[in-house]
>>> print(open('start_31.pdb').read())   # PDB, N, CA and C atoms
ATOM      1  N   MET A   1      88.583 109.979 105.788
ATOM      2  CA  MET A   1      87.978 109.764 104.504
ATOM      3  C   MET A   1      88.784 108.705 103.759
ATOM      4  N   PRO A   2      88.345 107.467 103.858
ATOM      5  CA  PRO A   2      89.060 106.366 103.212
ATOM      6  C   PRO A   2      88.966 106.422 101.682
ATOM      7  N   THR A   3      90.110 106.303 101.037
ATOM      8  CA  THR A   3      90.143 106.241  99.586
ATOM      9  C   THR A   3      89.811 104.819  99.160
ATOM     10  N   LEU A   4      88.826 104.680  98.287
ATOM     11  CA  LEU A   4      88.417 103.364  97.806
ATOM     12  C   LEU A   4      89.127 102.982  96.523
ATOM     13  N   SER A   5      89.390 103.980  95.669
ATOM     14  CA  SER A   5      90.026 103.690  94.392
ATOM     15  C   SER A   5      90.623 104.958  93.793
ATOM     16  N   LEU A   6      91.647 104.775  92.997
ATOM     17  CA  LEU A   6      92.285 105.866  92.237
ATOM     18  C   LEU A   6      92.469 105.388  90.813
ATOM     19  N   PHE A   7      91.962 106.143  89.853
ATOM     20  CA  PHE A   7      92.165 105.776  88.457
ATOM     21  C   PHE A   7      92.028 107.010  87.570
ATOM     22  N   ARG A   8      92.921 107.101  86.592
ATOM     23  CA  ARG A   8      92.892 108.169  85.582
ATOM     24  C   ARG A   8      92.722 109.567  86.185
ATOM     25  N   GLY A   9      93.411 109.782  87.313
ATOM     26  CA  GLY A   9      93.367 111.077  87.971
ATOM     27  C   GLY A   9      92.153 111.303  88.853
ATOM     28  N   ILE A  10      91.293 110.297  88.967
ATOM     29  CA  ILE A  10      90.070 110.403  89.760
ATOM     30  C   ILE A  10      90.271 109.676  91.087
ATOM     31  N   LYS A  11      89.917 110.342  92.163
ATOM     32  CA  LYS A  11      89.979 109.743  93.497
ATOM     33  C   LYS A  11      88.542 109.482  93.957
ATOM     34  N   VAL A  12      88.279 108.245  94.392
ATOM     35  CA  VAL A  12      86.959 107.862  94.877
ATOM     36  C   VAL A  12      87.085 107.547  96.358
ATOM     37  N   TYR A  13      86.210 108.135  97.168
ATOM     38  CA  TYR A  13      86.294 107.930  98.615
ATOM     39  C   TYR A  13      84.925 108.032  99.274
ATOM     40  N   ILE A  14      84.866 107.533 100.507
ATOM     41  CA  ILE A  14      83.675 107.625 101.354
ATOM     42  C   ILE A  14      84.131 108.202 102.685
ATOM     43  N   ASN A  15      83.362 109.112 103.233
ATOM     44  CA  ASN A  15      83.672 109.685 104.536
ATOM     45  C   ASN A  15      83.113 108.815 105.654
ATOM     46  N   PHE A  16      83.858 108.698 106.747
ATOM     47  CA  PHE A  16      83.349 107.992 107.916
ATOM     48  C   PHE A  16      82.139 108.731 108.460
ATOM     49  N   SER A  17      81.142 107.992 108.932
ATOM     50  CA  SER A  17      79.932 108.541 109.561
ATOM     51  C   SER A  17      79.259 109.603 108.698
ATOM     52  N   ASP A  18      79.253 109.408 107.394
ATOM     53  CA  ASP A  18      78.636 110.383 106.492
ATOM     54  C   ASP A  18      77.113 110.290 106.576
ATOM     55  N   HIS A  19      76.435 111.327 106.128
ATOM     56  CA  HIS A  19      74.977 111.411 106.176
ATOM     57  C   HIS A  19      74.333 110.533 105.107
ATOM     58  N   ALA A  20      73.084 110.161 105.341
ATOM     59  CA  ALA A  20      72.307 109.434 104.340
ATOM     60  C   ALA A  20      71.863 110.429 103.277
ATOM     61  N   PRO A  21      71.524 110.004 102.109
ATOM     62  CA  PRO A  21      71.460 108.651 101.593
ATOM     63  C   PRO A  21      72.860 108.115 101.264
ATOM     64  N   PRO A  22      72.989 106.791 101.136
ATOM     65  CA  PRO A  22      74.299 106.208 100.821
ATOM     66  C   PRO A  22      74.872 106.795  99.527
ATOM     67  N   HIS A  23      76.096 107.283  99.621
ATOM     68  CA  HIS A  23      76.751 107.908  98.482
ATOM     69  C   HIS A  23      78.257 107.809  98.639
ATOM     70  N   PHE A  24      78.952 108.116  97.572
ATOM     71  CA  PHE A  24      80.411 108.209  97.631
ATOM     72  C   PHE A  24      80.817 109.516  96.975
ATOM     73  N   HIS A  25      82.054 109.880  97.166
ATOM     74  CA  HIS A  25      82.596 111.123  96.631
ATOM     75  C   HIS A  25      83.645 110.796  95.576
ATOM     76  N   ALA A  26      83.775 111.673  94.602
ATOM     77  CA  ALA A  26      84.819 111.557  93.589
ATOM     78  C   ALA A  26      85.397 112.940  93.343
ATOM     79  N   SER A  27      86.710 112.987  93.160
ATOM     80  CA  SER A  27      87.348 114.272  92.858
ATOM     81  C   SER A  27      88.279 114.103  91.662
ATOM     82  N   TYR A  28      88.362 115.187  90.895
ATOM     83  CA  TYR A  28      89.205 115.197  89.704
ATOM     84  C   TYR A  28      89.539 116.649  89.366
ATOM     85  N   GLY A  29      90.812 116.944  89.250
ATOM     86  CA  GLY A  29      91.245 118.266  88.803
ATOM     87  C   GLY A  29      90.640 119.431  89.558
ATOM     88  N   GLY A  30      90.488 119.293  90.866
ATOM     89  CA  GLY A  30      89.941 120.377  91.671
ATOM     90  C   GLY A  30      88.427 120.396  91.746
ATOM     91  N   GLU A  31      87.759 119.532  91.014
ATOM     92  CA  GLU A  31      86.295 119.439  91.090
ATOM     93  C   GLU A  31      85.921 118.216  91.918
ATOM     94  N   GLU A  32      84.788 118.316  92.578
ATOM     95  CA  GLU A  32      84.336 117.248  93.464
ATOM     96  C   GLU A  32      82.854 117.022  93.292
ATOM     97  N   CYS A  33      82.427 115.764  93.443
ATOM     98  CA  CYS A  33      81.000 115.471  93.375
ATOM     99  C   CYS A  33      80.669 114.311  94.310
ATOM    100  N   SER A  34      79.387 114.188  94.612
ATOM    101  CA  SER A  34      78.854 113.075  95.390
ATOM    102  C   SER A  34      77.894 112.321  94.482
ATOM    103  N   ILE A  35      77.955 110.979  94.559
ATOM    104  CA  ILE A  35      77.123 110.145  93.702
ATOM    105  C   ILE A  35      76.360 109.149  94.562
ATOM    106  N   LEU A  36      75.050 109.065  94.320
ATOM    107  CA  LEU A  36      74.209 108.119  95.042
ATOM    108  C   LEU A  36      74.557 106.692  94.630
ATOM    109  N   ILE A  37      74.729 105.820  95.613
ATOM    110  CA  ILE A  37      75.135 104.446  95.323
ATOM    111  C   ILE A  37      74.009 103.643  94.676
ATOM    112  N   GLU A  38      72.800 103.762  95.191
ATOM    113  CA  GLU A  38      71.696 102.955  94.654
ATOM    114  C   GLU A  38      71.271 103.414  93.261
ATOM    115  N   GLU A  39      71.103 104.705  93.083
ATOM    116  CA  GLU A  39      70.593 105.244  91.819
ATOM    117  C   GLU A  39      71.692 105.510  90.795
ATOM    118  N   LEU A  40      72.947 105.581  91.268
ATOM    119  CA  LEU A  40      74.079 105.958  90.423
ATOM    120  C   LEU A  40      73.796 107.259  89.686
ATOM    121  N   GLU A  41      73.378 108.252  90.488
ATOM    122  CA  GLU A  41      73.094 109.591  89.982
ATOM    123  C   GLU A  41      73.881 110.609  90.778
ATOM    124  N   LEU A  42      74.151 111.737  90.148
ATOM    125  CA  LEU A  42      74.846 112.832  90.799
ATOM    126  C   LEU A  42      73.984 113.393  91.923
ATOM    127  N   LEU A  43      74.532 113.459  93.127
ATOM    128  CA  LEU A  43      73.832 114.013  94.285
ATOM    129  C   LEU A  43      74.165 115.493  94.439
ATOM    130  N   ALA A  44      75.441 115.810  94.321
ATOM    131  CA  ALA A  44      75.892 117.199  94.499
ATOM    132  C   ALA A  44      77.233 117.389  93.809
ATOM    133  N   GLY A  45      77.576 118.630  93.550
ATOM    134  CA  GLY A  45      78.873 118.952  92.980
ATOM    135  C   GLY A  45      78.916 118.803  91.478
ATOM    136  N   SER A  46      80.136 118.793  90.952
ATOM    137  CA  SER A  46      80.306 118.675  89.507
ATOM    138  C   SER A  46      81.635 118.011  89.178
ATOM    139  N   MET A  47      81.709 117.543  87.942
ATOM    140  CA  MET A  47      82.913 116.903  87.421
ATOM    141  C   MET A  47      82.801 116.955  85.896
ATOM    142  N   PRO A  48      83.915 117.063  85.188
ATOM    143  CA  PRO A  48      83.831 117.061  83.725
ATOM    144  C   PRO A  48      83.077 115.820  83.224
ATOM    145  N   LYS A  49      82.316 115.998  82.146
ATOM    146  CA  LYS A  49      81.451 114.933  81.607
ATOM    147  C   LYS A  49      82.181 113.607  81.391
ATOM    148  N   LYS A  50      83.338 113.665  80.783
ATOM    149  CA  LYS A  50      84.093 112.447  80.467
ATOM    150  C   LYS A  50      84.440 111.684  81.743
ATOM    151  N   GLN A  51      84.938 112.390  82.742
ATOM    152  CA  GLN A  51      85.325 111.743  83.998
ATOM    153  C   GLN A  51      84.092 111.252  84.762
ATOM    154  N   LEU A  52      83.006 112.007  84.717
ATOM    155  CA  LEU A  52      81.778 111.577  85.381
ATOM    156  C   LEU A  52      81.265 110.274  84.767
ATOM    157  N   LYS A  53      81.318 110.165  83.446
ATOM    158  CA  LYS A  53      80.905 108.926  82.777
ATOM    159  C   LYS A  53      81.778 107.752  83.220
ATOM    160  N   MET A  54      83.075 107.993  83.332
ATOM    161  CA  MET A  54      83.978 106.931  83.800
ATOM    162  C   MET A  54      83.619 106.491  85.208
ATOM    163  N   VAL A  55      83.402 107.461  86.085
ATOM    164  CA  VAL A  55      83.066 107.144  87.478
ATOM    165  C   VAL A  55      81.750 106.376  87.553
ATOM    166  N   LEU A  56      80.751 106.802  86.802
ATOM    167  CA  LEU A  56      79.454 106.118  86.827
ATOM    168  C   LEU A  56      79.553 104.692  86.283
ATOM    169  N   GLY A  57      80.349 104.490  85.245
ATOM    170  CA  GLY A  57      80.561 103.145  84.706
ATOM    171  C   GLY A  57      81.271 102.254  85.710
ATOM    172  N   TRP A  58      82.321 102.799  86.325
ATOM    173  CA  TRP A  58      83.060 102.074  87.357
ATOM    174  C   TRP A  58      82.131 101.731  88.514
ATOM    175  N   ALA A  59      81.303 102.684  88.932
ATOM    176  CA  ALA A  59      80.389 102.480  90.059
ATOM    177  C   ALA A  59      79.341 101.413  89.740
ATOM    178  N   ALA A  60      78.838 101.387  88.517
ATOM    179  CA  ALA A  60      77.847 100.370  88.134
ATOM    180  C   ALA A  60      78.454  98.979  88.249
ATOM    181  N   PHE A  61      79.684  98.845  87.833
ATOM    182  CA  PHE A  61      80.373  97.559  87.896
ATOM    183  C   PHE A  61      80.680  97.157  89.342
ATOM    184  N   ASN A  62      80.870  98.141  90.230
ATOM    185  CA  ASN A  62      81.276  97.884  91.618
ATOM    186  C   ASN A  62      80.214  98.275  92.644
ATOM    187  N   GLN A  63      78.976  98.315  92.240
ATOM    188  CA  GLN A  63      77.909  98.805  93.109
ATOM    189  C   GLN A  63      77.817  98.030  94.430
ATOM    190  N   GLU A  64      77.902  96.725  94.392
ATOM    191  CA  GLU A  64      77.801  95.928  95.620
ATOM    192  C   GLU A  64      78.963  96.238  96.572
ATOM    193  N   LYS A  65      80.151  96.394  96.038
ATOM    194  CA  LYS A  65      81.317  96.740  96.865
ATOM    195  C   LYS A  65      81.159  98.131  97.466
ATOM    196  N   LEU A  66      80.570  99.048  96.710
ATOM    197  CA  LEU A  66      80.307 100.393  97.235
ATOM    198  C   LEU A  66      79.295 100.328  98.380
ATOM    199  N   ARG A  67      78.253  99.498  98.224
ATOM    200  CA  ARG A  67      77.273  99.323  99.311
ATOM    201  C   ARG A  67      77.950  98.802 100.572
ATOM    202  N   GLU A  68      78.788  97.788 100.403
ATOM    203  CA  GLU A  68      79.494  97.205 101.552
ATOM    204  C   GLU A  68      80.392  98.246 102.221
ATOM    205  N   ASN A  69      81.133  99.005 101.428
ATOM    206  CA  ASN A  69      82.015 100.032 101.994
ATOM    207  C   ASN A  69      81.217 101.133 102.683
ATOM    208  N   TRP A  70      80.054 101.484 102.126
ATOM    209  CA  TRP A  70      79.203 102.493 102.778
ATOM    210  C   TRP A  70      78.823 102.019 104.184
ATOM    211  N   GLU A  71      78.387 100.775 104.284
ATOM    212  CA  GLU A  71      77.994 100.224 105.591
ATOM    213  C   GLU A  71      79.168 100.248 106.564
ATOM    214  N   LEU A  72      80.326  99.844 106.097
ATOM    215  CA  LEU A  72      81.515  99.856 106.957
ATOM    216  C   LEU A  72      81.837 101.276 107.422
ATOM    217  N   ALA A  73      81.943 102.200 106.482
ATOM    218  CA  ALA A  73      82.329 103.581 106.819
ATOM    219  C   ALA A  73      81.283 104.257 107.695
ATOM    220  N   SER A  74      80.003 103.999 107.435
ATOM    221  CA  SER A  74      78.968 104.656 108.232
ATOM    222  C   SER A  74      78.964 104.166 109.675
ATOM    223  N   ASN A  75      79.586 103.004 109.909
ATOM    224  CA  ASN A  75      79.720 102.475 111.269
ATOM    225  C   ASN A  75      81.141 102.626 111.799
ATOM    226  N   ASN A  76      81.914 103.504 111.165
ATOM    227  CA  ASN A  76      83.301 103.780 111.559
ATOM    228  C   ASN A  76      84.195 102.554 111.546
ATOM    229  N   HIS A  77      83.960 101.658 110.580
ATOM    230  CA  HIS A  77      84.809 100.488 110.404
ATOM    231  C   HIS A  77      85.695 100.687 109.177
ATOM    232  N   GLN A  78      86.796  99.966 109.160
ATOM    233  CA  GLN A  78      87.749 100.059 108.056
ATOM    234  C   GLN A  78      87.115  99.613 106.743
ATOM    235  N   THR A  79      87.310 100.398 105.700
ATOM    236  CA  THR A  79      86.814 100.049 104.366
ATOM    237  C   THR A  79      87.875  99.239 103.626
ATOM    238  N   PHE A  80      87.514  98.733 102.459
ATOM    239  CA  PHE A  80      88.470  97.985 101.642
ATOM    240  C   PHE A  80      88.571  98.634 100.264
ATOM    241  N   PRO A  81      89.729  98.514  99.636
ATOM    242  CA  PRO A  81      89.912  99.126  98.309
ATOM    243  C   PRO A  81      89.106  98.380  97.247
ATOM    244  N   ILE A  82      88.771  99.104  96.185
ATOM    245  CA  ILE A  82      88.065  98.545  95.046
ATOM    246  C   ILE A  82      88.964  98.725  93.819
ATOM    247  N   GLU A  83      89.028  97.701  93.007
ATOM    248  CA  GLU A  83      89.868  97.736  91.802
ATOM    249  C   GLU A  83      89.566  98.988  90.973
ATOM    250  N   PRO A  84      90.613  99.635  90.475
ATOM    251  CA  PRO A  84      90.396 100.817  89.638
ATOM    252  C   PRO A  84      89.894 100.446  88.252
ATOM    253  N   LEU A  85      89.413 101.442  87.541
ATOM    254  CA  LEU A  85      88.996 101.293  86.148
ATOM    255  C   LEU A  85      90.226 100.993  85.323
ATOM    256  N   ARG A  86      90.146 100.025  84.460
ATOM    257  CA  ARG A  86      91.295  99.651  83.601
ATOM    258  C   ARG A  86      91.102 100.145  82.198
TER
END
>>> encode(input="start_31.pdb", output="structure tokens")
Amino acid sequence: MPTLSLFRGIKVYINFSDHAPPHFHASYGGEECSILIEELELLAGSMPKKQLKMVLGWAAFNQEKLRENWELASNNHQTFPIEPLR
């Protein structure tokens, strides 16, 4: 499970050979969620509102990079890091 970014206590990652639809995972303080890359909507799990808003904002800004990393990870190729939220 390659880590794509770490910011403000939030870890963002994609699992190798993960199931469709394209999504990424985020964890914070023991909570975990999956977010759809295209729709930027919660797929599963939960996260505090404030952190979820941060992740969704970060994802909107980095959507193309998330798409590229999804393709890499789904084909078992090395992913690349994405700049954290500043």
>>> residues_around(input="start_31.pdb", residues="Met47 of chain A", least_positions_apart="5", cutoff="6.5 Å", atoms="all atoms listed in the file", output="list of chain:residue names")
A:Glu31, A:Glu32, A:Cys33, A:Leu52
>>> closest_residue(input="start_31.pdb", among="A:Leu42, A:Leu66, A:Ala20, A:Ala73", to="Met1 of chain A", atoms="only C-alpha atoms")
A:Ala73
>>> residues_around(input="start_31.pdb", residues="Asn69 of chain A", least_positions_apart="3", cutoff="9 Å", atoms="only C-alpha atoms", output="list in words")
Leu4, Ile14, Glu64, Lys65, Leu66, Leu72, Ala73, Ser74, His77, Gln78, Thr79, Phe80 and Pro81 of chain A
>>> atom_distance(input="start_31.pdb", atom1="atom N of Val12 of chain A", atom2="atom CA of Asn76 of chain A")
18.4 Å
>>> select_by_dssp(input="start_31.pdb", residues="chain A", states="helix (DSSP H, G or I)", output="ChimeraX atom specification")
/A:49-61,63-74
>>> closest_residue(input="start_31.pdb", among="A:Asp18, A:Ser5, A:Asn75, A:Tyr28", to="Gln51 of chain A", atoms="only N, CA and C atoms")
A:Tyr28
>>> atom_distance(input="start_31.pdb", atom1="atom CA of Ala60 of chain A", atom2="atom N of Ser46 of chain A")
18.8 Å
>>> closest_residue(input="start_31.pdb", among="A:Gln63, A:Gly9, A:Ser17, A:Glu41", to="Gly29 of chain A", atoms="only N, CA and C atoms")
A:Gly9
>>> select_by_dssp(input="start_31.pdb", residues="chain A", states="strand (DSSP E or B)", output="mmCIF file with N, CA and C atoms, keeping the file's coordinate frame")
data_model
loop_
_atom_site.group_PDB
_atom_site.id
_atom_site.type_symbol
_atom_site.label_atom_id
_atom_site.label_comp_id
_atom_site.auth_asym_id
_atom_site.auth_seq_id
_atom_site.Cartn_x
_atom_site.Cartn_y
_atom_site.Cartn_z
ATOM 1 N N THR A 3 90.110 106.303 101.037
ATOM 2 C CA THR A 3 90.143 106.241 99.586
ATOM 3 C C THR A 3 89.811 104.819 99.160
ATOM 4 N N LEU A 4 88.826 104.680 98.287
ATOM 5 C CA LEU A 4 88.417 103.364 97.806
ATOM 6 C C LEU A 4 89.127 102.982 96.523
ATOM 7 N N SER A 5 89.390 103.980 95.669
ATOM 8 C CA SER A 5 90.026 103.690 94.392
ATOM 9 C C SER A 5 90.623 104.958 93.793
ATOM 10 N N LEU A 6 91.647 104.775 92.997
ATOM 11 C CA LEU A 6 92.285 105.866 92.237
ATOM 12 C C LEU A 6 92.469 105.388 90.813
ATOM 13 N N PHE A 7 91.962 106.143 89.853
ATOM 14 C CA PHE A 7 92.165 105.776 88.457
ATOM 15 C C PHE A 7 92.028 107.010 87.570
ATOM 16 N N ILE A 10 91.293 110.297 88.967
ATOM 17 C CA ILE A 10 90.070 110.403 89.760
ATOM 18 C C ILE A 10 90.271 109.676 91.087
ATOM 19 N N LYS A 11 89.917 110.342 92.163
ATOM 20 C CA LYS A 11 89.979 109.743 93.497
ATOM 21 C C LYS A 11 88.542 109.482 93.957
ATOM 22 N N VAL A 12 88.279 108.245 94.392
ATOM 23 C CA VAL A 12 86.959 107.862 94.877
ATOM 24 C C VAL A 12 87.085 107.547 96.358
ATOM 25 N N TYR A 13 86.210 108.135 97.168
ATOM 26 C CA TYR A 13 86.294 107.930 98.615
ATOM 27 C C TYR A 13 84.925 108.032 99.274
ATOM 28 N N HIS A 23 76.096 107.283 99.621
ATOM 29 C CA HIS A 23 76.751 107.908 98.482
ATOM 30 C C HIS A 23 78.257 107.809 98.639
ATOM 31 N N PHE A 24 78.952 108.116 97.572
ATOM 32 C CA PHE A 24 80.411 108.209 97.631
ATOM 33 C C PHE A 24 80.817 109.516 96.975
ATOM 34 N N HIS A 25 82.054 109.880 97.166
ATOM 35 C CA HIS A 25 82.596 111.123 96.631
ATOM 36 C C HIS A 25 83.645 110.796 95.576
ATOM 37 N N ALA A 26 83.775 111.673 94.602
ATOM 38 C CA ALA A 26 84.819 111.557 93.589
ATOM 39 C C ALA A 26 85.397 112.940 93.343
ATOM 40 N N SER A 27 86.710 112.987 93.160
ATOM 41 C CA SER A 27 87.348 114.272 92.858
ATOM 42 C C SER A 27 88.279 114.103 91.662
ATOM 43 N N TYR A 28 88.362 115.187 90.895
ATOM 44 C CA TYR A 28 89.205 115.197 89.704
ATOM 45 C C TYR A 28 89.539 116.649 89.366
ATOM 46 N N GLU A 31 87.759 119.532 91.014
ATOM 47 C CA GLU A 31 86.295 119.439 91.090
ATOM 48 C C GLU A 31 85.921 118.216 91.918
ATOM 49 N N GLU A 32 84.788 118.316 92.578
ATOM 50 C CA GLU A 32 84.336 117.248 93.464
ATOM 51 C C GLU A 32 82.854 117.022 93.292
ATOM 52 N N CYS A 33 82.427 115.764 93.443
ATOM 53 C CA CYS A 33 81.000 115.471 93.375
ATOM 54 C C CYS A 33 80.669 114.311 94.310
ATOM 55 N N SER A 34 79.387 114.188 94.612
ATOM 56 C CA SER A 34 78.854 113.075 95.390
ATOM 57 C C SER A 34 77.894 112.321 94.482
ATOM 58 N N ILE A 35 77.955 110.979 94.559
ATOM 59 C CA ILE A 35 77.123 110.145 93.702
ATOM 60 C C ILE A 35 76.360 109.149 94.562
ATOM 61 N N LEU A 36 75.050 109.065 94.320
ATOM 62 C CA LEU A 36 74.209 108.119 95.042
ATOM 63 C C LEU A 36 74.557 106.692 94.630
ATOM 64 N N LEU A 42 74.151 111.737 90.148
ATOM 65 C CA LEU A 42 74.846 112.832 90.799
ATOM 66 C C LEU A 42 73.984 113.393 91.923
ATOM 67 N N LEU A 43 74.532 113.459 93.127
ATOM 68 C CA LEU A 43 73.832 114.013 94.285
ATOM 69 C C LEU A 43 74.165 115.493 94.439
ATOM 70 N N ALA A 44 75.441 115.810 94.321
ATOM 71 C CA ALA A 44 75.892 117.199 94.499
ATOM 72 C C ALA A 44 77.233 117.389 93.809
ATOM 73 N N GLY A 45 77.576 118.630 93.550
ATOM 74 C CA GLY A 45 78.873 118.952 92.980
ATOM 75 C C GLY A 45 78.916 118.803 91.478
#
>>> atom_distance(input="start_31.pdb", atom1="atom CA of Arg86 of chain A", atom2="atom N of Ile37 of chain A")
21.4 Å
>>> resolve_selection(input="start_31.pdb", expression="the PyMOL selection byres ((chain A and resi 34) around 5)", output="count of residues only")
10
>>> axis_aligned_box(input="start_31.pdb", around="segment 15-24 of chain A", padding_each_side="8 Å", output="JSON")
{"center_x": 77.7, "center_y": 108.8, "center_z": 103.3, "size_x": 28.4, "size_y": 21.2, "size_z": 28.6}
>>> resolve_selection(input="start_31.pdb", expression="the PyMOL selection byres ((chain A and resi 85) around 7)", output="ChimeraX atom specification")
/A:6-8,58,82-84,86
